[in-house]
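One structure below.
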Amino acid sequence: MTRRAIRLWFLVHKWSSLICTAFLLMLCITGLPLIFHDEIDLLTEEQPEFGMSGVGSSGTAEGLLPLDEMMQRALANRPGEVPVFMAFDNDQPSMTVTTAPRPDSPAAEMTIQSFDRSTGQQIGMVAESDGGVMHFLLQLHTDMFLGLPGMLFLAVIGILFTAALISGVVLYAPFMRKLDFGTVRVSRSPRLKWLDYHNLLGIVALAWMLVVGLTGVINALSTPIEDIWQANELADMTSEYAGREALPPARYGSLNRAMAQARTVLPGNNPQFIAFPGGSFSSDHHYAVFFQGDTPLTERLLTPALIDAETGIFTDARPMPWYYQALSLSRPLHFGDYGGLPLKLLWAALTLFTIVVLGSGLYLWLVKGESSSRAHLRKIEQLAVPAE
Amino acid sequence: MSRRNKRSLPLRAIFAWPAAIFLVGIVGLVSALTGDGWRDGLSWLALAAPVAALAWAMRARRY
């Protein structure tokens, strides 16, 4: 590599890093506790005792209450509201019902109730707008309380992070030309010490940082991804309904019948959630029953079955398009919640690596920024120290 | 500095360990996605590689 090329890559590395470092530090610090979201909830919240422990609410086991009855109970607690989502669990009889003032209400106006489908008991109710410290951290991490513009901004930060990683790898070569892998020179100067740690931690955590960075970008683009699916594939699946007036909630038909119909189309698969008409995951006329695949990998890849919400007649079912499947796989790969507690601990360790890389990078830039005479002096001091 | 009495390493040597750790990391990130049990175990081992590399470097390559 020519000196000129190195200089250019260095400029890319310096500026892409400088712009994103502060935000990445925020993301790492808020992300650390979010890795352990489930464990923290388990410790801080009272755990419900289920009527039929270990029976998934997504199944068809004897004793699970009908979906229509569960919906009635949920709506009775929220008079005047309409259903938006109903979501299921494969491991426990717990399920959630999301309601809102209108079918297309923004998320901030929604209320989520959890129920035990085996007893009909309400387990909890939270408004989307308040959820304690973890919810605050999640909002800060997702959009910095700025909604869609905040998410898109963080997507740009993620792209800059990727540019910093790639330029960092390119610069690793000239920096390590005369050093064995893993060398950390701690006794010369703080600058050399942190330069070596910066290079070492950055290069060993590269795969993880790239994957978490890029899946973060995809997650940050979830709103446009959902919009594109709704405007294209979903519109295509429901084209015969185009131009019809939206179905009013008073004319919504039976959920039991709709679910039974959907199960005959996709037998053997578990439903993850039902999206109601007028929301961002359905048309204005359908119950969209989103089924999971039947293997561990395809469990995250969804196929919606669209059932006419008034008549209960099946309209169409198609797997989600590739860009939505990419979003579905980006969630676990970003959150680190797919391999038990050991994986979460490694996720935390690699987040700490990233924090050190960011901090040392910032330090190296600040030290470089000192006057040239002092830098010159330091160079002489370094030369005075004998080589190892 | 040691730079004066040592010749430049070829790119292959510079990137041998980083490339190995990178590939192992990708395998680890994917394997737990494809199922539970040994696939989770493999991902733990694979993603522990960066931590192991740091521990080794701090013991064996710290001057």
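Labels for the structure tokens follow display order: chains A, B, ..., residues from 1 in each chain, ligands from 1.
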Show me, as a PyMOL selection string, every residue of chain A with an atom at most 8 Å from chain B, counting only C-alpha atoms. chain A and resi 173+176-187+200-201+203-208+296-297+332-333+338-340+342-343+346+349+382-383+385-388
I need the residues in chain B that are helix (DSSP H, G or I) according to DSSP; give them as a ChimeraX atom specification. /B:2-5,11-34,38-47,49-60
Let me see the file: selected residues, N, CA and C atoms, as a compact mmCIF listing (two decimals), in the first residue's frame.
```
# COMPACT_ATOMS: atom_id res chain seq x y z
N SER B 2 11.53 -1.64 17.77
CA SER B 2 11.90 -2.92 17.18
C SER B 2 11.83 -2.90 15.66
N ARG B 3 11.09 -1.91 15.14
CA ARG B 3 10.84 -1.81 13.71
C ARG B 3 12.12 -1.84 12.89
N ARG B 4 13.22 -1.28 13.44
CA ARG B 4 14.43 -1.16 12.63
C ARG B 4 15.16 -2.49 12.45
N ASN B 5 15.01 -3.39 13.43
CA ASN B 5 15.77 -4.62 13.28
C ASN B 5 14.87 -5.81 12.93
N LEU B 11 1.47 -9.93 4.19
CA LEU B 11 0.07 -9.75 4.57
C LEU B 11 -0.53 -11.03 5.13
N ARG B 12 -0.13 -12.16 4.50
CA ARG B 12 -0.68 -13.44 4.95
C ARG B 12 -0.40 -13.68 6.42
N ALA B 13 0.81 -13.33 6.83
CA ALA B 13 1.18 -13.55 8.23
C ALA B 13 0.45 -12.57 9.13
N ILE B 14 0.32 -11.33 8.67
CA ILE B 14 -0.37 -10.32 9.50
C ILE B 14 -1.81 -10.73 9.76
N PHE B 15 -2.47 -11.26 8.72
CA PHE B 15 -3.90 -11.53 8.84
C PHE B 15 -4.25 -12.98 9.14
N ALA B 16 -3.24 -13.84 9.36
CA ALA B 16 -3.55 -15.26 9.60
C ALA B 16 -4.46 -15.44 10.81
N TRP B 17 -4.02 -14.99 11.98
CA TRP B 17 -4.84 -15.14 13.19
C TRP B 17 -6.13 -14.34 13.12
N PRO B 18 -6.06 -13.05 12.71
CA PRO B 18 -7.32 -12.30 12.62
C PRO B 18 -8.35 -12.98 11.72
N ALA B 19 -7.91 -13.54 10.57
CA ALA B 19 -8.87 -14.17 9.66
C ALA B 19 -9.46 -15.42 10.30
N ALA B 20 -8.61 -16.19 11.00
CA ALA B 20 -9.11 -17.40 11.66
C ALA B 20 -10.15 -17.03 12.72
N ILE B 21 -9.85 -16.02 13.53
CA ILE B 21 -10.78 -15.62 14.59
C ILE B 21 -12.07 -15.06 13.99
N PHE B 22 -11.93 -14.36 12.87
CA PHE B 22 -13.10 -13.81 12.19
C PHE B 22 -14.03 -14.94 11.72
N LEU B 23 -13.45 -15.93 11.04
CA LEU B 23 -14.26 -17.03 10.50
C LEU B 23 -14.91 -17.83 11.62
N VAL B 24 -14.12 -18.11 12.66
CA VAL B 24 -14.67 -18.84 13.81
C VAL B 24 -15.83 -18.04 14.40
N GLY B 25 -15.67 -16.72 14.48
CA GLY B 25 -16.72 -15.86 15.03
C GLY B 25 -18.00 -15.93 14.23
N ILE B 26 -17.87 -15.90 12.90
CA ILE B 26 -19.06 -15.97 12.05
C ILE B 26 -19.77 -17.33 12.24
N VAL B 27 -18.97 -18.41 12.29
CA VAL B 27 -19.55 -19.74 12.54
C VAL B 27 -20.32 -19.71 13.86
N GLY B 28 -19.72 -19.11 14.88
CA GLY B 28 -20.36 -19.06 16.20
C GLY B 28 -21.64 -18.25 16.18
N LEU B 29 -21.63 -17.12 15.48
CA LEU B 29 -22.82 -16.27 15.43
C LEU B 29 -23.97 -17.00 14.74
N VAL B 30 -23.65 -17.81 13.73
CA VAL B 30 -24.70 -18.48 12.98
C VAL B 30 -25.17 -19.77 13.65
N SER B 31 -24.23 -20.51 14.27
CA SER B 31 -24.58 -21.86 14.71
C SER B 31 -25.71 -21.86 15.73
N ALA B 32 -25.71 -20.91 16.68
CA ALA B 32 -26.78 -20.92 17.69
C ALA B 32 -28.13 -20.57 17.08
N LEU B 33 -28.10 -19.91 15.90
CA LEU B 33 -29.36 -19.57 15.24
C LEU B 33 -30.05 -20.80 14.67
N THR B 34 -29.23 -21.83 14.35
CA THR B 34 -29.78 -22.96 13.62
C THR B 34 -30.33 -24.04 14.53
N TRP B 38 -25.93 -28.69 21.07
CA TRP B 38 -24.51 -28.55 20.73
C TRP B 38 -24.27 -27.31 19.86
N ARG B 39 -25.30 -26.87 19.14
CA ARG B 39 -25.13 -25.68 18.30
C ARG B 39 -24.91 -24.43 19.16
N ASP B 40 -25.59 -24.40 20.32
CA ASP B 40 -25.35 -23.31 21.27
C ASP B 40 -23.93 -23.42 21.82
N GLY B 41 -23.54 -24.65 22.18
CA GLY B 41 -22.21 -24.88 22.75
C GLY B 41 -21.12 -24.43 21.80
N LEU B 42 -21.30 -24.76 20.52
CA LEU B 42 -20.31 -24.36 19.51
C LEU B 42 -20.22 -22.83 19.43
N SER B 43 -21.35 -22.17 19.52
CA SER B 43 -21.32 -20.70 19.42
C SER B 43 -20.62 -20.08 20.63
N TRP B 44 -20.80 -20.72 21.81
CA TRP B 44 -20.11 -20.19 23.00
C TRP B 44 -18.60 -20.30 22.82
N LEU B 45 -18.16 -21.50 22.40
CA LEU B 45 -16.73 -21.72 22.20
C LEU B 45 -16.18 -20.73 21.17
N ALA B 46 -16.90 -20.61 20.04
CA ALA B 46 -16.41 -19.79 18.95
C ALA B 46 -16.32 -18.32 19.35
N LEU B 47 -17.35 -17.82 20.05
CA LEU B 47 -17.34 -16.40 20.40
C LEU B 47 -16.48 -16.12 21.63
N ALA B 49 -13.46 -17.02 21.49
CA ALA B 49 -12.13 -16.88 20.88
C ALA B 49 -11.54 -15.47 21.07
N PRO B 50 -12.30 -14.39 20.84
CA PRO B 50 -11.73 -13.05 21.06
C PRO B 50 -11.26 -12.85 22.50
N VAL B 51 -12.05 -13.37 23.45
CA VAL B 51 -11.69 -13.21 24.86
C VAL B 51 -10.41 -14.01 25.14
N ALA B 52 -10.35 -15.23 24.59
CA ALA B 52 -9.17 -16.07 24.78
C ALA B 52 -7.94 -15.40 24.15
N ALA B 53 -8.13 -14.80 22.97
CA ALA B 53 -7.00 -14.15 22.29
C ALA B 53 -6.46 -13.00 23.13
N LEU B 54 -7.36 -12.23 23.73
CA LEU B 54 -6.92 -11.11 24.58
C LEU B 54 -6.16 -11.63 25.79
N ALA B 55 -6.72 -12.67 26.44
CA ALA B 55 -6.07 -13.22 27.62
C ALA B 55 -4.68 -13.74 27.27
N TRP B 56 -4.58 -14.44 26.14
CA TRP B 56 -3.29 -14.98 25.70
C TRP B 56 -2.31 -13.84 25.41
N ALA B 57 -2.77 -12.81 24.69
CA ALA B 57 -1.89 -11.70 24.32
C ALA B 57 -1.37 -10.98 25.57
N MET B 58 -2.24 -10.82 26.56
CA MET B 58 -1.82 -10.10 27.77
C MET B 58 -0.83 -10.91 28.57
N ARG B 59 -0.84 -12.24 28.41
CA ARG B 59 0.11 -13.09 29.13
C ARG B 59 1.39 -13.25 28.35
N ALA B 60 1.24 -13.52 27.05
CA ALA B 60 2.41 -13.96 26.27
C ALA B 60 3.03 -12.88 25.42
```
DSSP strand (DSSP E or B) residues within range 9-173 of chain A, as a PyMOL selection string: chain A and resi 82-87+94-100+111-116+122-127
Please write the residues from the selection above to a file, keeping N, CA and C atoms, as a JSON list (two decimals), in the first residue's frame.
```
[["chain", "number", "residue", "atom", "x", "y", "z"],
["A", 82, "VAL", "N", -59.97, -0.60, 20.15],
["A", 82, "VAL", "CA", -60.06, -1.66, 19.14],
["A", 82, "VAL", "C", -58.80, -2.52, 19.21],
["A", 83, "PRO", "N", -58.90, -3.80, 18.78],
["A", 83, "PRO", "CA", -57.72, -4.66, 18.82],
["A", 83, "PRO", "C", -56.71, -4.30, 17.72],
["A", 84, "VAL", "N", -55.43, -4.41, 18.06],
["A", 84, "VAL", "CA", -54.36, -4.13, 17.09],
["A", 84, "VAL", "C", -53.52, -5.39, 16.84],
["A", 85, "PHE", "N", -53.12, -6.05, 17.95],
["A", 85, "PHE", "CA", -52.35, -7.29, 17.83],
["A", 85, "PHE", "C", -52.83, -8.27, 18.90],
["A", 86, "MET", "N", -52.67, -9.56, 18.58],
["A", 86, "MET", "CA", -52.80, -10.60, 19.59],
["A", 86, "MET", "C", -51.59, -11.50, 19.38],
["A", 87, "ALA", "N", -50.77, -11.70, 20.44],
["A", 87, "ALA", "CA", -49.52, -12.44, 20.25],
["A", 87, "ALA", "C", -49.45, -13.62, 21.19],
["A", 94, "SER", "N", -49.12, -17.94, 28.39],
["A", 94, "SER", "CA", -49.27, -16.48, 28.39],
["A", 94, "SER", "C", -49.46, -15.98, 26.95],
["A", 95, "MET", "N", -50.22, -14.91, 26.84],
["A", 95, "MET", "CA", -50.42, -14.28, 25.53],
["A", 95, "MET", "C", -50.68, -12.79, 25.77],
["A", 96, "THR", "N", -50.54, -11.99, 24.73],
["A", 96, "THR", "CA", -50.78, -10.56, 24.91],
["A", 96, "THR", "C", -51.83, -10.08, 23.90],
["A", 97, "VAL", "N", -52.56, -9.07, 24.33],
["A", 97, "VAL", "CA", -53.51, -8.41, 23.43],
["A", 97, "VAL", "C", -53.17, -6.92, 23.45],
["A", 98, "THR", "N", -52.91, -6.37, 22.28],
["A", 98, "THR", "CA", -52.60, -4.94, 22.17],
["A", 98, "THR", "C", -53.84, -4.23, 21.65],
["A", 99, "THR", "N", -54.25, -3.19, 22.35],
["A", 99, "THR", "CA", -55.40, -2.40, 21.90],
["A", 99, "THR", "C", -54.99, -0.95, 21.78],
["A", 100, "ALA", "N", -55.81, -0.18, 21.07],
["A", 100, "ALA", "CA", -55.52, 1.24, 20.88],
["A", 100, "ALA", "C", -56.84, 1.95, 20.56],
["A", 111, "THR", "N", -51.93, -0.04, 24.26],
["A", 111, "THR", "CA", -51.84, -0.67, 25.58],
["A", 111, "THR", "C", -51.71, -2.17, 25.38],
["A", 112, "ILE", "N", -50.75, -2.77, 26.09],
["A", 112, "ILE", "CA", -50.55, -4.22, 25.98],
["A", 112, "ILE", "C", -51.00, -4.89, 27.27],
["A", 113, "GLN", "N", -51.93, -5.83, 27.13],
["A", 113, "GLN", "CA", -52.35, -6.62, 28.29],
["A", 113, "GLN", "C", -51.85, -8.03, 28.11],
["A", 114, "SER", "N", -51.35, -8.63, 29.21],
["A", 114, "SER", "CA", -51.00, -10.05, 29.12],
["A", 114, "SER", "C", -52.00, -10.88, 29.89],
["A", 115, "PHE", "N", -52.26, -12.04, 29.36],
["A", 115, "PHE", "CA", -53.24, -12.95, 29.95],
["A", 115, "PHE", "C", -52.66, -14.35, 30.05],
["A", 116, "ASP", "N", -53.27, -15.12, 30.95],
["A", 116, "ASP", "CA", -53.03, -16.56, 30.98],
["A", 116, "ASP", "C", -54.17, -17.20, 30.20],
["A", 122, "GLN", "N", -55.96, -11.95, 33.82],
["A", 122, "GLN", "CA", -55.03, -10.94, 33.33],
["A", 122, "GLN", "C", -53.77, -11.00, 34.18],
["A", 123, "ILE", "N", -52.61, -11.00, 33.51],
["A", 123, "ILE", "CA", -51.33, -11.06, 34.22],
["A", 123, "ILE", "C", -50.75, -9.67, 34.40],
["A", 124, "GLY", "N", -50.95, -8.83, 33.41],
["A", 124, "GLY", "CA", -50.38, -7.49, 33.51],
["A", 124, "GLY", "C", -50.92, -6.59, 32.44],
["A", 125, "MET", "N", -50.72, -5.30, 32.63],
["A", 125, "MET", "CA", -51.14, -4.32, 31.62],
["A", 125, "MET", "C", -50.13, -3.18, 31.61],
["A", 126, "VAL", "N", -49.57, -2.89, 30.45],
["A", 126, "VAL", "CA", -48.67, -1.74, 30.36],
["A", 126, "VAL", "C", -49.05, -0.87, 29.17],
["A", 127, "ALA", "N", -49.01, 0.43, 29.41],
["A", 127, "ALA", "CA", -49.15, 1.35, 28.30],
["A", 127, "ALA", "C", -47.80, 1.39, 27.60]]
```
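For the set A:His141, A:Arg188, A:Arg300, A:His286, the residue with the smallest atom-to-atom gap to Ile35 in chain A is A:His141, counting only C-alpha atoms.
Interatomic distance, CA of Leu154 in chain A to CA of Leu27 in chain A: 9.4 Å.
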Suppose you want the space between CA of Leu266 in chain A and CA of Ala231 in chain A; what is it in Å? 23.9 Å
Record the distance separating CA of His13 in chain A and CA of Met144 in chain A, expressed in Å with one decimal. 25.1 Å
Nearest to Gly336 in chain A among A:Val55, A:Leu32, A:Met320, A:Val367, with distances taken over only C-alpha atoms: which residue is it? A:Leu32
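Close contacts of Ser254 in chain A, defined as residues with an atom at most 8 Å away when counting only C-alpha atoms, with chain neighbours fewer than 5 positions off set aside, comprise Asp68, Ala309, Glu310 and Gly312 of chain A.
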Kindly indicate which residue among A:Thr44, A:Thr295, A:Ser280, A:Ser17 lies nearest to Pro224 in chain A, using only C-alpha atoms for the distances. A:Ser280
Residues near Pro101 in chain A, anyone? I mean within 12 Å using only C-alpha atoms, not counting same-chain ones fewer than 6 positions away, as an MDAnalysis selection string. chainID A and resid 75 78:84 107:111 249 279
Nearby residues (only C-alpha atoms) at most 6 Å from Ala275 in chain A, same-chain spacing under 5 positions excluded, as a PyMOL selection string: chain A and resi 85+281-282+287-288
